[in-house]
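**Student:** Just protein_8.txt, nothing more (compact mmCIF, C-alpha atoms and all ligand atoms):
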```txt
# COMPACT_ATOMS: atom_id res chain seq x y z
CA MET A 1 -161.37 203.23 4.50
CA PHE A 2 -159.87 205.17 7.33
CA ALA A 3 -160.78 204.70 10.94
CA ALA A 4 -163.59 206.66 12.53
CA ARG A 5 -162.56 208.59 15.62
CA ARG A 6 -164.94 208.60 18.55
CA ALA A 7 -164.77 210.23 21.93
CA VAL A 8 -164.90 207.58 24.66
CA SER A 9 -164.52 208.62 28.30
CA GLY A 10 -162.93 211.87 27.29
CA ALA A 11 -160.25 210.19 25.18
CA PHE A 12 -160.20 209.41 21.46
CA GLN A 13 -160.28 205.78 20.50
CA THR A 14 -159.91 204.42 17.01
CA ARG A 15 -162.68 202.12 15.87
CA ALA A 16 -163.45 200.39 12.63
CA PHE A 17 -166.51 201.61 10.76
CA SER A 18 -168.19 198.23 10.85
CA ALA A 19 -169.57 197.53 14.29
CA SER A 20 -170.40 193.99 13.23
CA ALA A 21 -166.93 193.27 11.86
CA ARG A 22 -165.75 189.75 12.44
CA ASP A 23 -162.78 189.39 14.70
CA LEU A 24 -160.17 188.56 12.11
CA SER A 25 -159.49 189.60 8.54
CA LYS A 26 -156.08 188.40 7.49
CA VAL A 27 -154.85 189.82 4.20
CA THR A 28 -151.78 188.42 2.47
CA VAL A 29 -149.72 190.21 -0.17
CA LEU A 30 -147.51 188.04 -2.40
CA GLY A 31 -144.89 190.30 -3.98
CA ALA A 32 -145.11 192.74 -1.07
CA ALA A 33 -141.69 194.31 -1.55
CA GLY A 34 -142.30 195.40 -5.13
CA GLY A 35 -143.36 198.65 -6.72
CA ILE A 36 -147.04 197.86 -6.17
CA GLY A 37 -146.56 195.61 -3.14
CA GLN A 38 -145.09 198.29 -0.88
CA PRO A 39 -147.68 201.06 -1.28
CA LEU A 40 -150.45 198.45 -1.39
CA SER A 41 -149.26 197.02 1.93
CA LEU A 42 -149.11 200.54 3.34
CA LEU A 43 -152.72 201.25 2.33
CA LEU A 44 -153.84 197.91 3.80
CA LYS A 45 -152.11 198.79 7.07
CA LEU A 46 -154.21 201.96 7.17
CA ASN A 47 -157.42 199.98 6.66
CA PRO A 48 -159.09 199.21 10.01
CA ARG A 49 -160.94 196.25 8.47
CA VAL A 50 -157.62 194.43 8.11
CA THR A 51 -156.53 192.81 11.37
CA ASP A 52 -153.50 190.80 10.18
CA LEU A 53 -151.28 191.71 7.31
CA ALA A 54 -148.93 189.04 5.94
CA LEU A 55 -146.18 190.23 3.61
CA TYR A 56 -144.31 187.77 1.41
CA ASP A 57 -141.78 188.32 -1.37
CA ILE A 58 -138.82 186.43 -2.75
CA ARG A 59 -136.74 189.28 -1.39
CA GLY A 60 -137.39 191.95 1.19
CA GLY A 61 -140.69 190.88 2.75
CA PRO A 62 -139.53 191.05 6.38
CA GLY A 63 -137.91 194.47 5.83
CA VAL A 64 -141.08 195.99 4.40
CA ALA A 65 -143.06 194.37 7.22
CA ALA A 66 -140.76 195.78 9.92
CA ASP A 67 -141.12 199.25 8.42
CA ILE A 68 -144.91 199.14 8.05
CA SER A 69 -145.37 197.51 11.47
CA HIS A 70 -144.34 200.77 13.16
CA ILE A 71 -147.45 202.52 11.87
CA ASN A 72 -149.78 203.00 14.82
CA THR A 73 -152.89 201.21 13.59
CA LYS A 74 -154.21 198.08 15.30
CA SER A 75 -153.36 195.39 12.78
CA THR A 76 -150.40 193.06 13.16
CA VAL A 77 -147.87 192.93 10.32
CA THR A 78 -145.68 189.92 9.67
CA GLY A 79 -143.02 189.47 7.03
CA TYR A 80 -142.19 186.01 5.76
CA ASP A 81 -139.00 184.46 4.47
CA PRO A 82 -138.91 183.26 0.86
CA THR A 83 -139.15 179.57 1.73
CA PRO A 84 -142.02 177.13 1.09
CA SER A 85 -142.81 177.14 4.82
CA GLY A 86 -142.66 180.95 4.91
CA LEU A 87 -145.07 181.13 1.98
CA ALA A 88 -147.40 178.57 3.57
CA ALA A 89 -147.42 180.48 6.86
CA ALA A 90 -148.08 183.78 5.07
CA LEU A 91 -151.10 182.22 3.36
CA LYS A 92 -152.59 180.20 6.22
CA GLY A 93 -155.90 181.67 7.41
CA ALA A 94 -155.94 184.45 4.81
CA GLU A 95 -159.32 185.85 3.81
CA ILE A 96 -157.80 187.79 0.92
CA VAL A 97 -154.64 187.04 -1.04
CA LEU A 98 -153.39 189.78 -3.38
CA ILE A 99 -150.85 188.76 -6.03
CA PRO A 100 -148.78 191.63 -7.45
CA ALA A 101 -145.73 189.31 -7.77
CA GLY A 102 -144.25 189.36 -11.25
CA VAL A 103 -142.26 191.51 -13.63
CA PRO A 104 -143.63 194.79 -15.02
CA ARG A 105 -143.42 196.09 -18.60
CA LYS A 106 -140.73 198.21 -20.17
CA PRO A 107 -141.42 200.60 -23.07
CA GLY A 108 -142.23 198.76 -26.29
CA MET A 109 -143.61 195.68 -24.52
CA THR A 110 -147.19 194.47 -24.41
CA ARG A 111 -148.59 192.86 -21.29
CA ASP A 112 -148.55 189.56 -23.17
CA ASP A 113 -144.77 189.89 -23.47
CA LEU A 114 -144.69 189.32 -19.69
CA PHE A 115 -146.39 185.94 -20.04
CA ASN A 116 -143.23 183.82 -20.24
CA THR A 117 -141.93 185.11 -16.91
CA ASN A 118 -145.11 185.76 -14.97
CA ALA A 119 -147.08 182.64 -15.90
CA SER A 120 -144.84 180.36 -13.88
CA ILE A 121 -144.60 182.82 -10.96
CA VAL A 122 -148.39 182.99 -10.73
CA ARG A 123 -148.78 179.22 -11.26
CA ASP A 124 -146.45 178.45 -8.36
CA LEU A 125 -148.00 181.00 -6.02
CA ALA A 126 -151.47 179.70 -6.96
CA LYS A 127 -150.36 176.19 -5.99
CA ALA A 128 -149.24 177.42 -2.60
CA ALA A 129 -152.51 179.32 -2.15
CA ALA A 130 -154.59 176.29 -3.18
CA GLU A 131 -152.78 174.24 -0.53
CA SER A 132 -152.63 176.76 2.34
CA ALA A 133 -155.57 179.11 1.71
CA PRO A 134 -158.05 177.18 -0.45
CA ASN A 135 -161.02 179.29 0.70
CA ALA A 136 -159.40 182.70 0.34
CA ASN A 137 -160.43 185.34 -2.16
CA ILE A 138 -157.58 185.45 -4.68
CA LEU A 139 -156.96 188.85 -6.28
CA VAL A 140 -154.66 188.63 -9.28
CA ILE A 141 -152.79 191.81 -10.19
CA ALA A 142 -149.80 190.27 -12.03
CA ASN A 143 -149.98 190.69 -15.80
CA PRO A 144 -151.13 189.60 -18.25
CA VAL A 145 -154.29 189.43 -16.12
CA ASN A 146 -156.32 188.02 -19.05
CA SER A 147 -154.08 184.93 -18.88
CA THR A 148 -152.88 184.81 -15.26
CA VAL A 149 -156.43 184.55 -13.87
CA PRO A 150 -157.19 181.42 -15.97
CA ILE A 151 -153.84 180.03 -14.79
CA VAL A 152 -154.94 180.35 -11.16
CA ALA A 153 -158.29 178.77 -12.02
CA GLU A 154 -156.61 175.76 -13.66
CA ILE A 155 -154.34 175.23 -10.66
CA PHE A 156 -157.22 175.43 -8.19
CA LYS A 157 -159.21 173.00 -10.38
CA ALA A 158 -156.28 170.56 -10.45
CA LYS A 159 -156.10 170.73 -6.66
CA GLY A 160 -159.88 170.20 -6.41
CA VAL A 161 -160.53 173.48 -4.58
CA TYR A 162 -161.69 175.83 -7.36
CA ASN A 163 -164.42 178.22 -6.31
CA PRO A 164 -165.14 180.61 -9.20
CA LYS A 165 -166.76 183.06 -6.80
CA ARG A 166 -163.46 183.65 -5.06
CA LEU A 167 -161.14 184.36 -7.99
CA PHE A 168 -160.78 187.93 -9.26
CA GLY A 169 -158.61 189.65 -11.83
CA VAL A 170 -158.10 193.19 -10.56
CA THR A 171 -159.30 195.57 -13.29
CA THR A 172 -160.18 198.40 -10.90
CA LEU A 173 -157.43 200.62 -12.32
CA ASP A 174 -159.27 200.76 -15.65
CA VAL A 175 -162.36 202.36 -14.10
CA VAL A 176 -160.23 204.57 -11.86
CA ARG A 177 -158.47 205.89 -14.97
CA ALA A 178 -161.67 206.20 -17.00
CA SER A 179 -163.37 208.32 -14.34
CA ARG A 180 -160.29 210.51 -13.98
CA PHE A 181 -159.83 211.03 -17.73
CA VAL A 182 -163.53 211.85 -18.21
CA SER A 183 -163.39 214.36 -15.36
CA GLU A 184 -160.48 216.09 -17.07
CA ILE A 185 -162.62 216.57 -20.18
CA LYS A 186 -165.82 217.49 -18.39
CA LYS A 187 -164.14 219.57 -15.65
CA SER A 188 -166.02 217.50 -13.09
CA ASP A 189 -165.18 215.70 -9.86
CA PRO A 190 -163.86 212.23 -10.78
CA ALA A 191 -165.73 210.83 -7.78
CA ASP A 192 -168.97 211.67 -9.61
CA GLU A 193 -167.91 209.93 -12.83
CA ASN A 194 -168.92 206.28 -12.78
CA ILE A 195 -167.69 204.80 -16.02
CA THR A 196 -168.39 201.15 -16.67
CA VAL A 197 -165.44 199.33 -18.24
CA VAL A 198 -165.87 195.73 -19.38
CA GLY A 199 -163.85 193.02 -21.12
CA GLY A 200 -160.33 192.36 -19.94
CA HIS A 201 -157.17 194.19 -18.90
CA SER A 202 -155.05 194.92 -21.95
CA GLY A 203 -155.35 197.21 -24.96
CA VAL A 204 -158.41 196.51 -27.05
CA THR A 205 -159.85 194.13 -24.47
CA ILE A 206 -160.49 197.19 -22.26
CA VAL A 207 -163.94 198.44 -23.33
CA PRO A 208 -165.35 201.58 -21.70
CA LEU A 209 -169.10 202.06 -22.05
CA PHE A 210 -169.56 205.83 -22.17
CA SER A 211 -173.09 205.40 -23.56
CA GLN A 212 -174.09 204.19 -20.09
CA SER A 213 -172.51 207.16 -18.31
CA SER A 214 -173.89 210.64 -17.91
CA HIS A 215 -171.80 211.62 -20.98
CA PRO A 216 -173.02 209.51 -23.93
CA ASP A 217 -171.50 212.21 -26.17
CA LEU A 218 -168.10 210.70 -25.34
CA VAL A 219 -168.82 207.57 -27.39
CA GLY A 220 -166.62 207.93 -30.47
CA ASN A 221 -164.07 210.18 -28.73
CA ALA A 222 -161.03 208.37 -30.14
CA GLU A 223 -158.49 210.18 -27.98
CA LEU A 224 -160.32 209.33 -24.76
CA LEU A 225 -160.84 205.73 -25.84
CA LYS A 226 -157.12 205.41 -26.53
CA ARG A 227 -156.24 206.84 -23.11
CA VAL A 228 -158.52 204.37 -21.34
CA GLN A 229 -157.35 201.37 -23.38
CA PHE A 230 -153.67 202.35 -23.28
CA GLY A 231 -153.43 204.29 -19.99
CA GLY A 232 -150.93 201.73 -18.73
CA ASP A 233 -148.66 202.52 -21.69
CA GLU A 234 -148.66 206.21 -20.75
CA VAL A 235 -147.13 205.32 -17.40
CA VAL A 236 -144.71 202.76 -18.82
CA LYS A 237 -143.44 205.37 -21.28
CA ALA A 238 -143.15 208.10 -18.64
CA LYS A 239 -141.25 205.78 -16.27
CA ASP A 240 -138.87 205.11 -19.13
CA GLY A 241 -137.73 201.60 -18.25
CA ALA A 242 -138.30 201.83 -14.49
CA GLY A 243 -141.55 199.86 -14.57
CA SER A 244 -145.27 200.47 -14.87
CA ALA A 245 -148.05 201.90 -12.74
CA THR A 246 -147.44 201.15 -9.07
CA LEU A 247 -149.01 203.92 -6.96
CA SER A 248 -152.32 204.19 -8.81
CA MET A 249 -152.41 200.38 -8.92
CA ALA A 250 -151.83 200.17 -5.17
CA MET A 251 -154.80 202.50 -4.67
CA ALA A 252 -156.93 200.41 -7.03
CA GLY A 253 -155.92 197.11 -5.36
CA ALA A 254 -156.57 198.52 -1.89
CA ARG A 255 -159.99 199.76 -3.05
CA PHE A 256 -160.91 196.32 -4.35
CA ALA A 257 -159.75 194.60 -1.14
CA GLU A 258 -161.72 197.12 0.91
CA SER A 259 -164.85 196.41 -1.14
CA LEU A 260 -164.48 192.67 -0.58
CA LEU A 261 -164.04 193.17 3.16
CA LYS A 262 -167.06 195.50 3.34
CA ALA A 263 -169.18 192.91 1.52
CA ALA A 264 -167.84 190.09 3.68
CA GLN A 265 -168.75 192.11 6.76
CA GLY A 266 -172.36 192.34 5.63
CA GLN A 267 -172.56 195.57 3.63
CA LYS A 268 -175.07 195.22 0.79
CA GLY A 269 -174.84 196.58 -2.74
CA VAL A 270 -171.03 196.61 -2.96
CA THR A 271 -170.20 196.46 -6.66
CA GLU A 272 -166.81 196.50 -8.36
CA PRO A 273 -165.66 195.82 -11.90
CA THR A 274 -163.56 192.66 -12.01
CA PHE A 275 -162.38 189.92 -14.35
CA VAL A 276 -164.11 186.72 -13.24
CA ASP A 277 -165.24 183.31 -14.38
CA SER A 278 -168.34 184.66 -16.07
CA PRO A 279 -171.39 183.21 -17.83
CA LEU A 280 -171.80 186.31 -20.04
CA TYR A 281 -169.87 185.13 -23.13
CA LYS A 282 -169.25 181.46 -22.42
CA ASP A 283 -171.40 180.62 -25.44
CA GLN A 284 -168.70 182.35 -27.53
CA GLY A 285 -165.92 180.38 -25.84
CA VAL A 286 -164.88 183.26 -23.53
CA ASP A 287 -164.86 181.84 -20.00
CA PHE A 288 -163.60 184.92 -18.14
CA PHE A 289 -164.87 188.45 -18.57
CA ALA A 290 -164.70 191.70 -16.62
CA SER A 291 -167.97 193.40 -15.79
CA LYS A 292 -169.58 194.89 -12.73
CA VAL A 293 -169.85 192.26 -10.02
CA GLU A 294 -171.84 192.51 -6.82
CA LEU A 295 -169.74 191.26 -3.93
CA GLY A 296 -170.98 189.41 -0.88
CA PRO A 297 -169.77 187.22 1.99
CA ASP A 298 -169.20 184.38 -0.49
CA GLY A 299 -167.23 186.50 -2.96
CA ALA A 300 -168.72 187.22 -6.38
CA GLU A 301 -172.42 187.16 -5.59
CA LYS A 302 -173.92 188.47 -8.83
CA ILE A 303 -172.31 189.10 -12.22
CA LEU A 304 -174.04 192.00 -13.90
CA ASP A 305 -174.81 191.98 -17.60
CA VAL A 306 -173.04 194.54 -19.80
CA GLY A 307 -176.36 196.25 -20.54
CA LYS A 308 -177.32 198.13 -23.68
CA LEU A 309 -174.43 199.03 -25.99
CA ASP A 310 -174.01 201.68 -28.63
CA ALA A 311 -173.18 200.26 -32.11
CA GLN A 312 -169.56 201.49 -31.84
CA GLU A 313 -169.23 199.91 -28.40
CA GLN A 314 -170.57 196.64 -29.80
CA GLN A 315 -167.73 196.70 -32.36
CA LEU A 316 -165.21 197.29 -29.57
CA LEU A 317 -166.71 194.42 -27.63
CA ASP A 318 -166.46 192.08 -30.62
CA ALA A 319 -162.74 192.92 -31.01
CA CYS A 320 -162.27 192.46 -27.26
CA LEU A 321 -163.88 189.00 -27.23
CA ALA A 322 -161.67 187.75 -30.07
CA ASP A 323 -158.49 188.76 -28.20
CA LEU A 324 -159.74 187.68 -24.83
CA LYS A 325 -160.51 184.18 -26.04
CA LYS A 326 -156.89 183.76 -27.18
CA ASN A 327 -155.46 185.23 -23.96
CA ILE A 328 -157.57 182.88 -21.83
CA GLU A 329 -156.69 179.82 -23.93
CA LYS A 330 -153.00 180.71 -23.59
CA GLY A 331 -153.24 180.55 -19.80
CA VAL A 332 -155.17 177.28 -19.82
CA THR A 333 -152.75 175.68 -22.31
CA PHE A 334 -149.76 176.84 -20.26
CA VAL A 335 -150.93 174.94 -17.19
CA ALA A 336 -151.78 171.84 -19.24
CA GLN A 337 -148.30 171.82 -20.79
CA ASN A 338 -146.37 173.10 -17.76
CA PRO A 339 -148.06 171.72 -14.66
CA GLY A 340 -144.92 172.37 -12.58
CA ASN A 341 -143.92 170.33 -9.55
N1 LIG B 1 -153.74 194.56 -12.83
C1 LIG B 1 -153.28 195.77 -13.05
O1 LIG B 1 -154.06 196.71 -13.31
C2 LIG B 1 -151.81 196.05 -12.94
C3 LIG B 1 -151.37 197.39 -12.79
C4 LIG B 1 -150.00 197.62 -12.67
C5 LIG B 1 -149.10 196.55 -12.72
N2 LIG B 1 -149.56 195.29 -12.84
C6 LIG B 1 -148.65 194.15 -12.85
O2 LIG B 1 -148.24 193.87 -11.52
C7 LIG B 1 -147.00 193.17 -11.54
C8 LIG B 1 -146.03 193.75 -10.53
O3 LIG B 1 -145.68 195.05 -10.86
P1 LIG B 1 -144.63 195.89 -9.97
O4 LIG B 1 -144.51 197.20 -10.60
O5 LIG B 1 -145.00 195.79 -8.54
O6 LIG B 1 -143.30 195.02 -10.22
P2 LIG B 1 -141.98 194.99 -9.30
O7 LIG B 1 -140.92 194.32 -10.09
O8 LIG B 1 -141.71 196.35 -8.76
O9 LIG B 1 -142.41 194.07 -8.09
C9 LIG B 1 -142.69 192.71 -8.23
C10 LIG B 1 -142.32 192.02 -6.94
O10 LIG B 1 -142.65 190.64 -7.09
C11 LIG B 1 -141.64 189.92 -6.43
N3 LIG B 1 -141.65 188.54 -6.89
C12 LIG B 1 -141.20 188.02 -8.06
N4 LIG B 1 -141.38 186.69 -8.08
C13 LIG B 1 -141.98 186.38 -6.93
C14 LIG B 1 -142.43 185.16 -6.36
N5 LIG B 1 -142.29 183.98 -7.00
N6 LIG B 1 -143.00 185.19 -5.13
C15 LIG B 1 -143.14 186.36 -4.47
N7 LIG B 1 -142.74 187.54 -4.94
C16 LIG B 1 -142.16 187.54 -6.16
C17 LIG B 1 -140.34 190.66 -6.74
O11 LIG B 1 -139.31 190.32 -5.83
C18 LIG B 1 -140.81 192.10 -6.61
O12 LIG B 1 -140.64 192.59 -5.30
C19 LIG B 1 -146.52 193.24 -12.98
O13 LIG B 1 -146.78 192.02 -13.63
C20 LIG B 1 -147.36 194.36 -13.58
O14 LIG B 1 -147.50 194.22 -14.96
C21 LIG B 1 -150.89 195.03 -12.97
O1 LIG B 2 -149.54 198.80 -18.17
C1 LIG B 2 -149.05 197.91 -17.48
O2 LIG B 2 -148.21 197.12 -17.92
C2 LIG B 2 -149.40 197.82 -16.03
C3 LIG B 2 -150.87 197.79 -15.77
O3 LIG B 2 -151.51 196.74 -16.39
C4 LIG B 2 -151.55 199.10 -16.05
O4 LIG B 2 -152.64 199.09 -16.62
O5 LIG B 2 -151.01 200.15 -15.67
```
Take the structure in this file and express it as structure tokens.

**Tutor:**
Amino acid sequence: MFAARRAVSGAFQTRAFSASARDLSKVTVLGAAGGIGQPLSLLLKLNPRVTDLALYDIRGGPGVAADISHINTKSTVTGYDPTPSGLAAALKGAEIVLIPAGVPRKPGMTRDDLFNTNASIVRDLAKAAAESAPNANILVIANPVNSTVPIVAEIFKAKGVYNPKRLFGVTTLDVVRASRFVSEIKKSDPADENITVVGGHSGVTIVPLFSQSSHPDLVGNAELLKRVQFGGDEVVKAKDGAGSATLSMAMAGARFAESLLKAAQGQKGVTEPTFVDSPLYKDQGVDFFASKVELGPDGAEKILDVGKLDAQEQQLLDACLADLKKNIEKGVTFVAQNPGN
């Protein structure tokens, strides 16, 4: 993700890894001044694949942009005022739009408890994106992801610009956590631990598939399963009212954006877990599902099947699907009943 340094005429010049990179890759962050938004914007500024960084928030976008703009990497950074025209300008021409705008949990809350506040925030930002950046890849971070992603889909459908290949719920943090937690048990390098996590992004909808990893013995490890499914709660509790995961989430969001840019710039075989409009369980009424997805220039190129499951994992998946269906319906119903202006 960092620039490669090359000696040119005796001096060092900074060049992006991809020689065939297109000229422009504008990335927009909506909610850029928040706990996730700031470190995420920082990481994007360090990414040589990003040429223009647009930072929007209802408060503090220009300040964060001024700060980050002093970092000596090539990309431009622009902060936008919290006005409809500021939002439209932030979105115009974006290849990727990341949405961490919304309130985080406090101890004792579930992600679903955020629905009442965040549903309308995401709905309104989705409307702006559908109008000003209809072809962008939309990366939804705001919780509850299981419901906010369907909200974005409904808005894009209503505007006639829905492209299921370009809408992603960011579930990267679940696999980041899973690989870290496994490495703590196995005393291994987390970079070597590829744990598939499928389903959704909350509690029992988060389903790690240890049977498919190099440690099938971890299936049935209740403590590990709880950590992966409720890792977010660990952070919420430790922050004690000051919010939820921000720094690890920024890393996860930046990783996902980097993967999309790599794939868009022609790299093959780029695969990330993500919550997408998926055919896998539509026959059971579950229209969105997180699994490994191969990314390409057109977004989600290939949705990978969940593969062979252990009997215990199948039980987890059944519980996941029941919850997920309700979470998705809640988002769809919200837009039908509250279409907004
Ligand atoms: N997907 C994940 O894995 C994951 C991980 C961590 C947190 N989250 C979620 O991300 C969201 C943000 O978390 P945070 O810790 O950054 O919260 P935060 O409160 O620190 O930041 C949110 C930011 O959004 C801004 N905002 C609010 N309404 C807005 C609007 N209409 N337009 C633009 N900006 C707006 C706020 O001004 C604030 O700066 C929460 O919903 C949280 O639950 C998701
Ligand atoms: O736990 C939360 O509320 C934030 C996020 O979804 C996480 O997984 O850390």

**Student:** Just want the residues within 8 Å of ligand LIG 1 (chain B), written as an NGL selection string, counting all atoms listed in the file.

**Tutor:** :A and (30-37 or 56-60 or 82 or 99-105 or 111 or 114 or 118 or 121-122 or 124-125 or 140-145 or 169-174 or 201 or 232 or 243-246 or 248-249 or 252)

**Student:** Return the single residue from A:Glu95, A:Asp233, A:Asp277, A:Asp189 that is closest to ligand LIG 2 (chain B), with distances computed using all atoms listed in the file.

**Tutor:**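 Comparing A:Glu95, A:Asp233, A:Asp277, A:Asp189 against ligand LIG 2 (chain B), the winner is A:Asp233.
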
**Student:** Could you check which of A:Val236, A:Ile138, A:Ala242, A:Ile96 is closest to ligand LIG 2 (chain B), using only C-alpha atoms and all ligand atoms?

**Tutor:**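 Counting only C-alpha atoms and all ligand atoms, the residue closest to ligand LIG 2 (chain B) is A:Val236.
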
**Student:** Name the residues within 12 Å of (-167.5, 201.8, -21.4), counting all atoms listed in the file in the file's coordinates, and put them as a PyMOL selection string.

**Tutor:** chain A and resi 174-175+177-179+182+193-200+204-216+218-221+224-225+228-229+273+290-292+306-310+312-314+316-317

**Student:** To one decimal in Å, tell me the separation between atom CA of Thr274 of chain A and atom CA of Ile151 of chain A.

**Tutor:**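 It comes out at 16.2 Å.
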
**Student:** As lines of an AutoDock Vina configuration file, please: the centre and edge lengths in Å, to one decimal, of an axis-aligned box enclosing every listed atom of ligand LIG 2 (chain B) with 3 Å added on each side.

**Tutor:**
```
center_x = -150.4
center_y = 198.4
center_z = -16.9
size_x = 10.4
size_y = 9.4
size_z = 8.5
```

**Student:** Can you pull out the residues contacting Thr51 of chain A? Cut-off 12 Å, using all atoms listed in the file, and skip same-chain residues under 2 positions away; I want them as number ranges by chain.

**Tutor:** A: 16, 21-28, 44-49, 53-54, 73-78, 93-96, 261

**Student:** What is the distance, in Å and to one decimal place, between atom CA of Phe289 of chain A and atom CA of Val276 of chain A?

**Tutor:**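 Taking atom CA of Phe289 of chain A and atom CA of Val276 of chain A, their separation equals 5.7 Å.
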
**Student:** Select segment 189-211 of chain A in the preceding structure and write N, CA and C atoms to a file as an mmCIF file, in the first residue's frame.

**Tutor:**
```
data_model
loop_
_atom_site.group_PDB
_atom_site.id
_atom_site.type_symbol
_atom_site.label_atom_id
_atom_site.label_comp_id
_atom_site.auth_asym_id
_atom_site.auth_seq_id
_atom_site.Cartn_x
_atom_site.Cartn_y
_atom_site.Cartn_z
ATOM 1 N N ASP A 189 2.061 -16.160 12.927
ATOM 2 C CA ASP A 189 2.003 -14.815 12.358
ATOM 3 C C ASP A 189 0.581 -14.616 11.817
ATOM 4 N N PRO A 190 -0.122 -13.584 12.281
ATOM 5 C CA PRO A 190 -1.504 -13.384 11.794
ATOM 6 C C PRO A 190 -1.577 -13.265 10.275
ATOM 7 N N ALA A 191 -0.508 -12.793 9.666
ATOM 8 C CA ALA A 191 -0.515 -12.650 8.199
ATOM 9 C C ALA A 191 -0.653 -14.009 7.516
ATOM 10 N N ASP A 192 -0.282 -15.080 8.223
ATOM 11 C CA ASP A 192 -0.388 -16.424 7.636
ATOM 12 C C ASP A 192 -1.743 -17.069 7.921
ATOM 13 N N GLU A 193 -2.551 -16.428 8.723
ATOM 14 C CA GLU A 193 -3.838 -17.026 9.119
ATOM 15 C C GLU A 193 -4.967 -16.454 8.272
ATOM 16 N N ASN A 194 -5.408 -17.212 7.294
ATOM 17 C CA ASN A 194 -6.521 -16.750 6.449
ATOM 18 C C ASN A 194 -7.795 -17.435 6.918
ATOM 19 N N ILE A 195 -8.582 -16.713 7.673
ATOM 20 C CA ILE A 195 -9.816 -17.309 8.202
ATOM 21 C C ILE A 195 -10.999 -16.749 7.413
ATOM 22 N N THR A 196 -11.754 -17.646 6.839
ATOM 23 C CA THR A 196 -12.955 -17.214 6.119
ATOM 24 C C THR A 196 -14.048 -16.907 7.142
ATOM 25 N N VAL A 197 -14.695 -15.749 6.976
ATOM 26 C CA VAL A 197 -15.821 -15.388 7.849
ATOM 27 C C VAL A 197 -16.972 -15.018 6.922
ATOM 28 N N VAL A 198 -18.123 -15.633 7.116
ATOM 29 C CA VAL A 198 -19.260 -15.387 6.225
ATOM 30 C C VAL A 198 -20.475 -14.908 7.033
ATOM 31 N N GLY A 199 -21.511 -14.486 6.314
ATOM 32 C CA GLY A 199 -22.770 -14.126 6.967
ATOM 33 C C GLY A 199 -23.053 -12.644 6.921
ATOM 34 N N GLY A 200 -22.918 -12.005 8.093
ATOM 35 C CA GLY A 200 -23.192 -10.578 8.171
ATOM 36 C C GLY A 200 -22.221 -9.933 9.132
ATOM 37 N N HIS A 201 -22.584 -8.762 9.658
ATOM 38 C CA HIS A 201 -21.668 -8.075 10.585
ATOM 39 C C HIS A 201 -22.380 -7.698 11.880
ATOM 40 N N SER A 202 -22.770 -8.719 12.639
ATOM 41 C CA SER A 202 -23.251 -8.466 14.005
ATOM 42 C C SER A 202 -23.482 -9.796 14.688
ATOM 43 N N GLY A 203 -22.916 -9.940 15.886
ATOM 44 C CA GLY A 203 -23.171 -11.095 16.734
ATOM 45 C C GLY A 203 -23.230 -12.413 15.978
ATOM 46 N N VAL A 204 -24.364 -13.105 16.145
ATOM 47 C CA VAL A 204 -24.441 -14.458 15.580
ATOM 48 C C VAL A 204 -24.481 -14.484 14.049
ATOM 49 N N THR A 205 -24.616 -13.340 13.416
ATOM 50 C CA THR A 205 -24.551 -13.368 11.941
ATOM 51 C C THR A 205 -23.101 -13.447 11.445
ATOM 52 N N ILE A 206 -22.142 -13.295 12.371
ATOM 53 C CA ILE A 206 -20.722 -13.405 11.996
ATOM 54 C C ILE A 206 -20.318 -14.878 12.168
ATOM 55 N N VAL A 207 -20.030 -15.554 11.044
ATOM 56 C CA VAL A 207 -19.783 -17.003 11.104
ATOM 57 C C VAL A 207 -18.378 -17.336 10.574
ATOM 58 N N PRO A 208 -17.447 -17.593 11.486
ATOM 59 C CA PRO A 208 -16.102 -17.986 11.045
ATOM 60 C C PRO A 208 -16.073 -19.462 10.664
ATOM 61 N N LEU A 209 -15.348 -19.779 9.619
ATOM 62 C CA LEU A 209 -15.299 -21.167 9.142
ATOM 63 C C LEU A 209 -13.895 -21.735 9.380
ATOM 64 N N PHE A 210 -13.647 -22.123 10.637
ATOM 65 C CA PHE A 210 -12.318 -22.637 10.977
ATOM 66 C C PHE A 210 -12.035 -23.975 10.297
ATOM 67 N N SER A 211 -13.099 -24.715 9.938
ATOM 68 C CA SER A 211 -12.881 -26.013 9.290
ATOM 69 C C SER A 211 -12.145 -25.837 7.969
#
```
